[in-house]
>>> print(open('model_5.pdb').read())   # PDB, C-alpha atoms
ATOM      1  CA  MET E   1       0.000   0.000   0.000  1.00  0.00           C
ATOM      2  CA  GLU E   2       1.254   3.456  -0.917  1.00  0.00           C
ATOM      3  CA  ASN E   3       2.310   5.723   1.931  1.00  0.00           C
ATOM      4  CA  GLN E   4       0.923   9.223   1.435  1.00  0.00           C
ATOM      5  CA  ASN E   5       3.697  10.622   3.642  1.00  0.00           C
ATOM      6  CA  GLN E   6       6.175   9.720   0.906  1.00  0.00           C
ATOM      7  CA  LEU E   7       4.493  12.071  -1.545  1.00  0.00           C
ATOM      8  CA  PRO E   8       5.877  15.589  -1.894  1.00  0.00           C
ATOM      9  CA  TRP E   9       3.921  18.039   0.274  1.00  0.00           C
ATOM     10  CA  GLU E  10       2.951  19.951  -2.851  1.00  0.00           C
ATOM     11  CA  ILE E  11       1.117  16.942  -4.308  1.00  0.00           C
ATOM     12  CA  ILE E  12      -0.667  16.302  -1.016  1.00  0.00           C
ATOM     13  CA  LYS E  13      -1.685  19.968  -0.796  1.00  0.00           C
ATOM     14  CA  ILE E  14      -2.966  20.138  -4.387  1.00  0.00           C
ATOM     15  CA  ILE E  15      -5.056  16.992  -3.819  1.00  0.00           C
ATOM     16  CA  GLU E  16      -6.466  18.438  -0.561  1.00  0.00           C
ATOM     17  CA  VAL E  17      -7.381  21.700  -2.297  1.00  0.00           C
ATOM     18  CA  ALA E  18      -8.920  19.860  -5.260  1.00  0.00           C
ATOM     19  CA  ASN E  19     -11.046  17.737  -2.935  1.00  0.00           C
ATOM     20  CA  SER E  20     -12.156  20.799  -0.994  1.00  0.00           C
ATOM     21  CA  LEU E  21     -13.119  22.637  -4.177  1.00  0.00           C
ATOM     22  CA  ALA E  22     -14.903  19.591  -5.612  1.00  0.00           C
ATOM     23  CA  SER E  23     -16.924  18.979  -2.462  1.00  0.00           C
ATOM     24  CA  SER E  24     -17.709  22.530  -1.299  1.00  0.00           C
ATOM     25  CA  GLY E  25     -16.653  24.881  -4.091  1.00  0.00           C
ATOM     26  CA  ARG E  26     -14.457  26.731  -1.620  1.00  0.00           C
ATOM     27  CA  SER E  27     -10.914  26.677  -0.348  1.00  0.00           C
ATOM     28  CA  GLY E  28      -8.599  28.966   1.576  1.00  0.00           C
ATOM     29  CA  ALA E  29      -5.732  27.879  -0.660  1.00  0.00           C
ATOM     30  CA  SER E  30      -3.129  30.122  -2.212  1.00  0.00           C
ATOM     31  CA  THR E  31      -3.554  31.291  -5.793  1.00  0.00           C
ATOM     32  CA  GLY E  32      -1.087  28.724  -7.145  1.00  0.00           C
ATOM     33  CA  GLU E  33      -2.629  25.874  -5.168  1.00  0.00           C
ATOM     34  CA  ARG E  34      -6.085  26.796  -6.407  1.00  0.00           C
ATOM     35  CA  ILE E  35      -4.921  27.037 -10.036  1.00  0.00           C
ATOM     36  CA  ALA E  36      -3.208  23.656  -9.806  1.00  0.00           C
ATOM     37  CA  ALA E  37      -6.326  22.106  -8.234  1.00  0.00           C
ATOM     38  CA  ALA E  38      -8.571  23.545 -10.952  1.00  0.00           C
ATOM     39  CA  PHE E  39      -6.396  21.918 -13.610  1.00  0.00           C
ATOM     40  CA  VAL E  40      -6.255  18.611 -11.715  1.00  0.00           C
ATOM     41  CA  LEU E  41     -10.051  18.626 -11.649  1.00  0.00           C
ATOM     42  CA  ASN E  42     -10.307  20.007 -15.201  1.00  0.00           C
ATOM     43  CA  ARG E  43     -12.776  22.548 -13.819  1.00  0.00           C
ATOM     44  CA  MET E  44     -11.828  26.024 -14.913  1.00  0.00           C
ATOM     45  CA  GLU E  45     -14.671  27.571 -12.903  1.00  0.00           C
ATOM     46  CA  PHE E  46     -12.434  27.010  -9.866  1.00  0.00           C
ATOM     47  CA  LEU E  47      -9.701  29.296 -11.185  1.00  0.00           C
ATOM     48  CA  PRO E  48      -9.285  32.453  -9.091  1.00  0.00           C
ATOM     49  CA  ALA E  49     -11.330  35.349 -10.486  1.00  0.00           C
ATOM     50  CA  SER E  50      -8.113  37.197 -11.290  1.00  0.00           C
ATOM     51  CA  TYR E  51      -7.255  34.435 -13.806  1.00  0.00           C
ATOM     52  CA  PRO E  52     -10.280  34.076 -16.100  1.00  0.00           C
ATOM     53  CA  ASP E  53      -8.045  32.831 -18.915  1.00  0.00           C
ATOM     54  CA  ALA E  54      -6.884  29.213 -18.563  1.00  0.00           C
ATOM     55  CA  VAL E  55      -3.641  29.755 -20.482  1.00  0.00           C
ATOM     56  CA  GLU E  56      -2.695  32.718 -18.298  1.00  0.00           C
ATOM     57  CA  ALA E  57      -3.492  30.652 -15.200  1.00  0.00           C
ATOM     58  CA  TRP E  58      -1.403  27.703 -16.451  1.00  0.00           C
ATOM     59  CA  ASP E  59       1.493  30.055 -17.141  1.00  0.00           C
ATOM     60  CA  ARG E  60       1.212  31.346 -13.549  1.00  0.00           C
ATOM     61  CA  LEU E  61       2.368  27.909 -12.358  1.00  0.00           C
ATOM     62  CA  ASP E  62       6.090  27.265 -12.595  1.00  0.00           C
ATOM     63  CA  ASP E  63       7.467  24.163 -14.339  1.00  0.00           C
ATOM     64  CA  GLU E  64       7.607  22.204 -11.090  1.00  0.00           C
ATOM     65  CA  TRP E  65       3.944  22.834 -10.235  1.00  0.00           C
ATOM     66  CA  GLN E  66       2.858  22.091 -13.805  1.00  0.00           C
ATOM     67  CA  GLU E  67       4.614  18.738 -13.427  1.00  0.00           C
ATOM     68  CA  TYR E  68       2.776  18.105 -10.137  1.00  0.00           C
ATOM     69  CA  VAL E  69      -0.520  18.643 -11.967  1.00  0.00           C
ATOM     70  CA  ARG E  70       0.543  16.140 -14.635  1.00  0.00           C
ATOM     71  CA  LEU E  71       1.643  13.584 -12.003  1.00  0.00           C
ATOM     72  CA  ILE E  72      -1.616  13.859 -10.064  1.00  0.00           C
ATOM     73  CA  LYS E  73      -3.704  13.469 -13.212  1.00  0.00           C
ATOM     74  CA  ARG E  74      -1.615  10.500 -14.325  1.00  0.00           C
ATOM     75  CA  ASP E  75      -0.854   8.680 -11.060  1.00  0.00           C
ATOM     76  CA  TYR E  76      -2.991   9.988  -8.217  1.00  0.00           C
ATOM     77  CA  SER E  77      -6.440  10.720  -9.619  1.00  0.00           C
ATOM     78  CA  HIS E  78      -7.762   7.896  -7.408  1.00  0.00           C
ATOM     79  CA  LYS E  79      -7.135  10.217  -4.418  1.00  0.00           C
ATOM     80  CA  LEU E  80      -9.617  12.782  -5.740  1.00  0.00           C
ATOM     81  CA  VAL E  81     -13.233  12.807  -4.621  1.00  0.00           C
ATOM     82  CA  PRO E  82     -15.336  11.141  -7.336  1.00  0.00           C
ATOM     83  CA  TRP E  83     -17.595  14.091  -8.175  1.00  0.00           C
TER      84      TRP E  83
END
>>> encode(input="model_5.pdb", output="structure tokens")
Amino acid sequence: MENQNQLPWEIIKIIEVANSLASSGRSGASTGERIAAAFVLNRMEFLPASYPDAVEAWDRLDDEWQEYVRLIKRDYSHKLVPW
């Protein structure tokens, strides 16, 4: 069984924010965390209001955080709430 504590904190945080957004539509996350979570969920309505353009929001993430989004979508989507 996979140990969540072995995951980078950034991946754990993005998953937590994504689950919060998916279940309640709200989160106290930072701008970058919220952008990453919106992309993980493929739900652009969760982008911060200051980033109405998805490309601009994606560019706001650095290369490392973009890779975290890719890893979560590829390897950890089972940790996301199913709705």
>>> resolve_selection(input="model_5.pdb", expression="the PyMOL selection byres ((chain E and resi 44) around 12)", output="list in words")
Ala18, Leu21, Ala22, Gly25, Arg34, Ile35, Ala36, Ala37, Ala38, Phe39, Val40, Leu41, Asn42, Arg43, Glu45, Phe46, Leu47, Pro48, Ala49, Tyr51, Pro52, Asp53, Ala54, Val55, Glu56, Ala57 and Trp58 of chain E
>>> residues_around(input="model_5.pdb", residues="E:Asp75", least_positions_apart="6", cutoff="12 Å", atoms="only C-alpha atoms", output="ChimeraX atom specification")
/E:2,7,11,15,40,67-69
>>> atom_distance(input="model_5.pdb", atom1="atom CA of E:Gln66", atom2="atom CA of E:Ser20")
19.8 Å
>>> atom_distance(input="model_5.pdb", atom1="atom CA of E:Gly32", atom2="atom CA of E:Arg70")
14.7 Å
>>> axis_aligned_box(input="model_5.pdb", around="stretch 66-79 of chain E", padding_each_side="6 Å", output="lines of an AutoDock Vina configuration file")
center_x = -1.6
center_y = 15.0
center_z = -9.5
size_x = 24.4
size_y = 26.2
size_z = 22.2
>>> atom_distance(input="model_5.pdb", atom1="atom CA of E:Gly28", atom2="atom CA of E:Asp63")
23.1 Å
>>> closest_residue(input="model_5.pdb", among="E:Ser50, E:Pro82, E:Arg26, E:Trp65", to="E:Lys13", atoms="all atoms listed in the file")
E:Trp65
>>> closest_residue(input="model_5.pdb", among="E:Ile14, E:Ser30, E:Asp62, E:Asn19", to="E:Val81", atoms="all atoms listed in the file")
E:Asn19
>>> closest_residue(input="model_5.pdb", among="E:Leu80, E:Glu16, E:Glu10, E:Leu61", to="E:Thr31", atoms="all atoms listed in the file")
E:Leu61
